[in-house]
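Everything below concerns the one structure shown next.
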Amino acid sequence: MSQPSNPFILANGTKPSCMEMLQLILDGEASSEQKEYFSSHMDKCMPCFKSYHVDNKIKELIKSKCCGGQVPADLVDQIKAMISQQTIS
Amino acid sequence: MEEAPRQSYSNKERSDIFNNEFLPHINSMYNFGYRLTLDRDDAKDLVQDTYLKAYRFIESFQKGTNAKAWLFRILKNSFINDYRKKSKEPSKVDYQEVETYYNSEDVDRQITPDLRVEALQDMIGDEISNALNALDVDFRTVIILCDLEGFKYEEMAKILDIPIGTVRSRLHRARQLLKEKLSEYAKQMGYKNT
């Protein structure tokens, strides 16, 4: 059976590196064709397999740990007050 | 984003847009402001300023389009034009170098810091947040926009006024640097690089 052509290859013929492919997958920017290709590629590529899980975990941690805490309670009211002042004047 | 035809809104429409389309993003906006300035008071000022500008320019906003991306763009511009100038901190990143780095063939051979999922799972404190904050602001920004706020590359390109290719290369480099920081933490936590 012939190898399916790599759907990540750019119009100009450049073949993206593993890490470039992985990035598109992780960021949800890959087409379904690319996803399919990558999932079978990962079976044969240990560095991709490892990076995929680590990178996914980091993304997850950023989501849960970096959301910045409470907005100051008075901020919305202050903004609204400044706007209504502007509108009147 | 693009120069949209100027809208004309009644006062009621203005306040509806402001309350229903702009204000719901205040948490994300505040966090973005904080991650840019690394100071809660500055973040508050920046957010306040952004919302006032958004209201002033509301007629350039098309109802029902991506308000979040529009607001993020205003905030980013305010940060660069007002805040960054004031603090006189020049951008330290040499993008030429970044681009060259990314396009070189060494990219895959270059040592990816060896980091294991188990080590990451033990980072239950501020490690990730500190590692992120330690990155140069331009690298911090792309990670926030992509990983935390879930913007697509195309939206990021518009928010940051850079080509999509640059979004991708900057993100790539940013993650690389973040991993280096995290693997330092992992080492301190006793994880050996295997």
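By order in the structure tokens, chains are A, B, ...; within a chain, residues start at 1; ligands start at 1, following the order shown.
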Legend entry - Counting only C-alpha atoms, chain A residues within 7 Å of chain B, as number ranges by chain: A: 17, 53-54, 57, 59, 62-63, 65-68, 71, 79, 83
Legend entry - Computed interatomic separation between atom CA of A:Ser32 and atom CA of A:Asn6 (Å): 12.5 Å
Legend entry - Residues of stretch 16-187 of chain B in helix (DSSP H, G or I), written as a VMD selection string: chain B and resid 16 to 37 40 to 56 58 to 60 67 to 87 95 to 103 105 to 107 117 to 121 127 to 133 137 to 148 153 to 160 164 to 187
Next, the residues of the selection above should be written as a short mmCIF file (atom, residue, chain, number, x, y, z; two decimals), in the first residue's frame with C-alpha atoms.
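This is the output file out.cif:
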```
data_model
loop_
_atom_site.label_atom_id
_atom_site.label_comp_id
_atom_site.auth_asym_id
_atom_site.auth_seq_id
_atom_site.Cartn_x
_atom_site.Cartn_y
_atom_site.Cartn_z
CA ASP B 16 -27.11 47.41 24.98
CA ILE B 17 -23.94 46.68 23.05
CA PHE B 18 -21.82 47.89 25.89
CA ASN B 19 -23.61 45.88 28.53
CA ASN B 20 -24.29 42.72 26.57
CA GLU B 21 -21.37 42.45 24.19
CA PHE B 22 -18.50 44.30 25.88
CA LEU B 23 -18.85 43.94 29.63
CA PRO B 24 -19.16 40.13 29.70
CA HIS B 25 -15.50 39.97 28.68
CA ILE B 26 -14.26 41.92 31.65
CA ASN B 27 -12.68 38.94 33.40
CA SER B 28 -10.65 37.98 30.36
CA MET B 29 -9.74 41.59 29.76
CA TYR B 30 -8.57 42.10 33.31
CA ASN B 31 -6.45 38.98 33.19
CA PHE B 32 -4.96 40.03 29.87
CA GLY B 33 -4.15 43.44 31.34
CA TYR B 34 -2.60 41.81 34.35
CA ARG B 35 -0.47 39.42 32.31
CA LEU B 36 0.78 42.29 30.19
CA THR B 37 1.63 44.68 33.01
CA ARG B 40 -3.01 44.69 39.38
CA ASP B 41 -3.43 48.47 39.58
CA ASP B 42 -2.00 48.97 36.12
CA ALA B 43 -4.25 46.21 34.84
CA LYS B 44 -7.25 47.96 36.28
CA ASP B 45 -6.29 51.26 34.64
CA LEU B 46 -5.66 49.56 31.35
CA VAL B 47 -9.03 47.81 31.39
CA GLN B 48 -10.83 50.98 32.38
CA ASP B 49 -9.12 52.86 29.62
CA THR B 50 -9.94 50.17 27.09
CA TYR B 51 -13.63 50.19 27.92
CA LEU B 52 -13.80 53.95 27.70
CA LYS B 53 -12.15 53.84 24.30
CA ALA B 54 -14.45 51.05 23.19
CA TYR B 55 -17.42 53.17 24.12
CA ARG B 56 -16.02 56.22 22.41
CA ILE B 58 -18.47 52.14 19.45
CA GLU B 59 -19.58 53.23 16.00
CA SER B 60 -16.62 51.45 14.46
CA ALA B 67 -16.44 41.87 20.35
CA LYS B 68 -13.86 40.01 22.37
CA ALA B 69 -11.21 40.18 19.66
CA TRP B 70 -12.02 43.85 19.09
CA LEU B 71 -11.63 44.66 22.79
CA PHE B 72 -8.43 42.68 23.10
CA ARG B 73 -7.00 44.61 20.21
CA ILE B 74 -7.83 47.93 21.81
CA LEU B 75 -6.29 46.81 25.08
CA LYS B 76 -3.13 45.59 23.38
CA ASN B 77 -2.79 48.89 21.53
CA SER B 78 -3.35 50.91 24.68
CA PHE B 79 -0.70 48.85 26.37
CA ILE B 80 1.83 49.49 23.63
CA ASN B 81 1.02 53.15 23.06
CA ASP B 82 0.36 54.37 26.57
CA TYR B 83 1.72 51.99 29.08
CA ARG B 84 4.84 50.70 27.44
CA LYS B 85 5.99 54.15 26.41
CA LYS B 86 5.46 55.42 29.90
CA SER B 87 7.45 52.62 31.46
CA TYR B 95 12.17 39.06 15.96
CA GLN B 96 14.59 38.67 13.14
CA GLU B 97 16.47 36.29 15.34
CA VAL B 98 13.29 34.49 16.31
CA GLU B 99 12.22 34.04 12.73
CA THR B 100 15.63 32.81 11.66
CA TYR B 101 15.68 30.44 14.52
CA TYR B 102 12.32 29.04 13.61
CA ASN B 103 13.08 28.61 9.99
CA GLU B 105 16.64 23.28 10.09
CA ASP B 106 17.91 22.88 13.59
CA VAL B 107 14.50 23.35 15.03
CA VAL B 117 3.61 14.74 32.40
CA GLU B 118 4.12 13.44 35.95
CA ALA B 119 6.27 16.44 36.80
CA LEU B 120 3.64 18.78 35.40
CA GLN B 121 0.95 17.10 37.41
CA GLU B 127 4.72 27.36 38.96
CA ILE B 128 2.91 27.67 35.65
CA SER B 129 1.75 31.18 36.32
CA ASN B 130 5.24 32.28 37.38
CA ALA B 131 6.84 30.59 34.42
CA LEU B 132 4.43 32.36 32.10
CA ASN B 133 5.02 35.72 33.74
CA VAL B 137 5.76 40.18 27.13
CA ASP B 138 5.38 39.36 23.44
CA PHE B 139 5.76 35.67 24.11
CA ARG B 140 3.46 35.84 27.11
CA THR B 141 0.85 37.50 24.97
CA VAL B 142 0.58 34.80 22.32
CA ILE B 143 0.27 32.08 24.93
CA ILE B 144 -2.51 33.92 26.72
CA LEU B 145 -4.40 34.60 23.52
CA CYS B 146 -4.09 31.06 22.24
CA ASP B 147 -4.07 28.75 25.23
CA LEU B 148 -6.11 30.67 27.73
CA TYR B 153 -4.48 32.10 14.66
CA GLU B 154 -6.38 34.34 12.33
CA GLU B 155 -7.92 36.30 15.18
CA MET B 156 -4.56 36.57 16.89
CA ALA B 157 -3.04 37.94 13.72
CA LYS B 158 -5.66 40.68 13.70
CA ILE B 159 -5.35 41.46 17.38
CA LEU B 160 -1.58 41.72 17.17
CA ILE B 164 -0.31 34.38 10.66
CA GLY B 165 3.12 32.89 9.98
CA THR B 166 4.53 35.13 12.67
CA VAL B 167 1.77 34.10 15.07
CA ARG B 168 2.81 30.52 14.57
CA SER B 169 6.51 31.06 14.93
CA ARG B 170 6.11 33.28 17.95
CA LEU B 171 3.86 30.75 19.62
CA HIS B 172 6.30 28.00 18.89
CA ARG B 173 9.17 29.92 20.43
CA ALA B 174 7.06 31.00 23.39
CA ARG B 175 6.17 27.42 24.22
CA GLN B 176 9.75 26.36 23.89
CA LEU B 177 10.80 28.99 26.41
CA LEU B 178 7.94 28.11 28.73
CA LYS B 179 9.01 24.50 28.69
CA GLU B 180 12.55 25.45 29.54
CA LYS B 181 11.29 27.30 32.61
CA LEU B 182 9.04 24.44 33.59
CA SER B 183 11.79 21.91 33.29
CA GLU B 184 13.91 24.02 35.63
CA TYR B 185 11.10 23.81 38.15
CA ALA B 186 10.81 20.10 37.56
CA LYS B 187 14.49 19.70 38.31
#
```
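One distance worth recording is that between atom CA of A:Ser5 and atom CA of A:Tyr52, which is 21.8 Å.
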Inset, instruction - Please provide as an MDAnalysis selection string all residues within 9 Å of A:Met21, with the sequence filter that same-chain residues fewer than 5 positions apart are discarded (counting only C-alpha atoms). - result: chainID A and resid 8 16 26 30 34 38
Inset, instruction - Measure the distance from atom CA of B:Phe57 to atom CA of B:Asp161 in Å and round it to one decimal. - result: 18.8 Å
